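Engineer: Dropping a structure here in structure tokens format, bear with me for questions.
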Amino acid sequence: MRHLPDAWVTVLDIEFAREDLFVEDSWNMFFSSYRLEGGSHKSLVPSLDDSSLRQIAASRIISCLENVHTKFPQASDDYQTVHTQELFREENVREFTEAYFEHTVRPRSRVVLKTTFNLESISTPLLLSILIMGASCGNADNAKSQAVKYADMAEFAVFEDSRFLQLVYRKGDLEQDPLTKGDLEIIQAALLVILIQIASPNAESRRRIRIQRYSALVCVARATSLTQIKNRWHDSNSPLRHAEFLMNESCIRIMASISMIDTHFIMFFNQPPALIPQELNYDLPAEEDGIDISDNVTWEAWARNERKYQRPPIVSQFLQELMSDDWSGPEDPRFDNLNVFALFIIISGRFSRSAPIYFLLADDDKRSIESYLEFGPVFVTCLVRSVKWIGVFKGGWLNGNDCNRGSTKMKSIEQDS
């Protein structure tokens, strides 16, 4: 297993600058790694094949960074235009974007869907976040080391953007207008920047993300009702709308990732929860197969087939049922089609918020948590049988555990598609 030096930072309650840490280390420590291996492949989206679009995109990124350097010099001490032009040249726009989709640790790569990515229309802050994450997780070590230097600039470009600030101070209202494409993309950019900066080699940047930026993103999630986002495509009484499905699924995955980051901070930095289980009123993510389908006809066929399965309850209800005396057990047909991302959400959502206060709970509550923890391996084993795509847990919750149910043994999980 790869050495993860950051594991002791929380215990010692200190932070220090370290140049060998960036995106993978901190994220793998929590989610473990189910990384896709690189290889020869065609472009993920047609717009990446257009050199003129790549050149325009490169120009947009360079202009954005020049603007950030002018407005926020504290985020770009050793900024040099010539280095920026070299790193974000036209050829690298394609390379870094493909690296983002193919090499980043999931589920974070699923914050932006390949089926909705368009190089021509994507906002500059989101594109910048994708390129930096792609460069940092790609195969070129020199690109990764250079990308580190632009992470702070991307952070200021996103979190000081007027569109993001408007969302921070937006009044939460169930009757408000739905999120626009621009709203969604600035939120996606903010989430990606947080994922990048969580593992920054700069201690000040890591603290700023935890204390300031993440809190702002939680405010946005509440103000825009992401905590209550639903995707009712599986309801037989609802019409099948592909674009609406992808939009809602993107929002669900954003909210789920925000919840998982909260768990990360709780577990590794002893921070109090920013979110409480009762407000996690969003749907669990849909199957991976569905979000990778581009054409409407194929997607509708997939959706009609998926309607044969029952869908699990919203996250808050799932957690409540799991801890209840009336828990129906993993054989409940609502849990026949869960995916790995959903599994992580449920396990971390309950465990991370219960374990730190275990010794302060009443005996009945302790027994409830003990029952949950004892049931966990059986629950996981049962769910894994019905999953269509799976990742490899190399260092996370299941590392080294033999989960038995009768004669069934929990084996290594196959790599997801």
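Just remember, in the structure tokens the first chain shown is A, the second B, etc., residues are 1-based per chain, and ligands are 1-based in the order shown.
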Tell me, as JSON, numbers by chain, which residues lie within 12 Å of A:Thr115, counting only C-alpha atoms; anything in the same chain fewer than 3 positions away does not count.
Structural biologist: {"A": [44, 45, 46, 47, 101, 110, 111, 112, 118, 119, 242, 243, 245, 246, 247, 249, 250, 288, 289, 290, 291, 292, 293, 294, 295, 296, 299]}
Engineer: Please report, as a tab-separated table, each residue of stretch 128-183 of chain A lying at most 6 Å from stretch 219-233 of chain A, together with the nearest pair of atoms and the separation in Å rounded to one decimal; use only C-alpha atoms, and order rows by chain and ascending residue number.
Structural biologist:
```
residue	atom	partner	partner_atom	distance
A:Leu167	CA	A:Val220	CA	5.6
A:Val168	CA	A:Val220	CA	4.9
A:Arg170	CA	A:Ala223	CA	5.8
A:Lys171	CA	A:Ala223	CA	5.8
A:Gly172	CA	A:Ala223	CA	4.0
```
Engineer: List every residue of stretch 232-280 of chain A that DSSP, applied to the backbone of this structure, places in alpha helix (DSSP H), and write the result as a VMD selection string.
Structural biologist: chain A and resid 242 to 269
Engineer: Can you pull out every residue within 9 Å of A:Ala147, counting only C-alpha atoms, but drop anything in the same chain fewer than 2 positions away, and send it as a list in words?
Structural biologist: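 The residues that qualify are Leu87, Leu131, Ile132, Met133, Ala135, Ser136, Asn142, Ala143, Lys144, Ser145, Lys149, Tyr150 and Ala151 of chain A.
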Engineer: Once you have the residues from the selection above, write them out as a PDB file, in the first residue's frame, restricted to C-alpha atoms.
Structural biologist:
```pdb
ATOM      1  CA  LEU A  87       1.369  24.776 -19.168  1.00  0.00           C
ATOM      2  CA  LEU A 131      -7.505  21.317 -16.141  1.00  0.00           C
ATOM      3  CA  ILE A 132      -5.653  21.708 -12.845  1.00  0.00           C
ATOM      4  CA  MET A 133      -7.118  18.519 -11.425  1.00  0.00           C
ATOM      5  CA  ALA A 135      -2.847  17.900 -14.729  1.00  0.00           C
ATOM      6  CA  SER A 136      -2.325  16.921 -11.100  1.00  0.00           C
ATOM      7  CA  ASN A 142       6.213  17.745 -14.408  1.00  0.00           C
ATOM      8  CA  ALA A 143       2.657  18.888 -15.202  1.00  0.00           C
ATOM      9  CA  LYS A 144       1.541  17.826 -11.743  1.00  0.00           C
ATOM     10  CA  SER A 145       4.256  19.822  -9.998  1.00  0.00           C
ATOM     11  CA  LYS A 149       1.373  26.393  -8.252  1.00  0.00           C
ATOM     12  CA  TYR A 150      -1.931  27.392  -9.870  1.00  0.00           C
ATOM     13  CA  ALA A 151      -4.280  25.822  -7.296  1.00  0.00           C
TER      14      ALA A 151
END
```
Engineer: Restricting the calculation to only C-alpha atoms, which member of A:Glu86, A:Glu120, A:Glu95, A:Asp152 is positioned closest to A:Pro201?
Structural biologist: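 Closest residue, counting only C-alpha atoms: A:Asp152.
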Engineer: What's the separation between atom CA of A:Arg253 and atom CA of A:Val158, in Å to one decimal place?
Structural biologist: 19.2 Å
Engineer: Record the distance separating atom CA of A:Glu204 and atom CA of A:Asp77, expressed in Å with one decimal.
Structural biologist: 14.3 Å
Engineer: Do a neighbour search on stretch 192-197 of chain A at 7 Å with only C-alpha atoms, toss out local chain neighbours closer than 5 positions, and write the hits as a PyMOL selection string.
Structural biologist: chain A and resi 23+129+133+151+154-155+205-206+209
Engineer: Produce a file of the selected residues containing C-alpha atoms, as a short mmCIF file (atom, residue, chain, number, x, y, z; two decimals), in the first residue's frame.
Structural biologist:
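Output (again-v3.cif):
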```
data_model
loop_
_atom_site.label_atom_id
_atom_site.label_comp_id
_atom_site.auth_asym_id
_atom_site.auth_seq_id
_atom_site.Cartn_x
_atom_site.Cartn_y
_atom_site.Cartn_z
CA VAL A 23 -4.55 15.53 -4.74
CA SER A 129 -10.58 23.57 -12.16
CA MET A 133 -7.12 18.52 -11.43
CA ALA A 151 -4.28 25.82 -7.30
CA ALA A 154 -8.01 28.72 -9.23
CA GLU A 155 -9.41 28.97 -5.71
CA SER A 205 -4.35 26.80 1.83
CA ARG A 206 -5.61 23.64 3.51
CA ILE A 209 -10.37 25.53 2.51
#
```
Engineer: Suppose you want the space between atom CA of A:Leu191 and atom CA of A:Arg89; what is it in Å?
Structural biologist: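 One can read the atom CA of A:Leu191 to atom CA of A:Arg89 distance as 24.6 Å.
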Engineer: So which residues touch A:Ile258 within 8 Å, counting only C-alpha atoms, skipping near sequence neighbours fewer than 4 positions away, as a PyMOL selection string?
Structural biologist: chain A and resi 191+218+254+262
Engineer: Let me see the file: selected residues, N, CA, C and O atoms, as a short mmCIF file (atom, residue, chain, number, x, y, z; two decimals), in the first residue's frame.
Structural biologist:
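Output contents, as saved in part11.cif:
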```
data_model
loop_
_atom_site.label_atom_id
_atom_site.label_comp_id
_atom_site.auth_asym_id
_atom_site.auth_seq_id
_atom_site.Cartn_x
_atom_site.Cartn_y
_atom_site.Cartn_z
N LEU A 191 -16.52 22.97 -5.88
CA LEU A 191 -16.31 21.65 -5.30
C LEU A 191 -14.98 21.05 -5.75
O LEU A 191 -14.21 20.50 -4.94
N VAL A 218 -21.18 25.05 1.68
CA VAL A 218 -22.33 24.51 2.40
C VAL A 218 -23.47 25.54 2.41
O VAL A 218 -24.64 25.19 2.25
N ILE A 254 -23.09 16.40 -6.67
CA ILE A 254 -22.46 17.53 -5.99
C ILE A 254 -22.78 17.48 -4.50
O ILE A 254 -21.89 17.59 -3.64
N ASP A 262 -17.53 16.67 4.23
CA ASP A 262 -17.84 16.90 5.63
C ASP A 262 -17.35 15.73 6.48
O ASP A 262 -16.73 15.92 7.54
#
```
Engineer: Tell me, counting only C-alpha atoms, for each residue of stretch 229-292 of chain A within 8 Å of stretch 302-312 of chain A, which pair of atoms is nearest and how far apart they are in Å to one decimal, in rows ordered by chain and increasing number, as a Markdown table.
Structural biologist:
```
| residue | atom | partner | partner_atom | distance |
| --- | --- | --- | --- | --- |
| A:Trp233 | CA | A:Ala303 | CA | 7.5 |
| A:His234 | CA | A:Arg307 | CA | 5.2 |
| A:Asp235 | CA | A:Arg307 | CA | 7.2 |
| A:Ser236 | CA | A:Arg307 | CA | 7.0 |
| A:Leu240 | CA | A:Ala303 | CA | 7.8 |
| A:Leu284 | CA | A:Pro312 | CA | 7.4 |
| A:Gly290 | CA | A:Trp302 | CA | 6.7 |
```
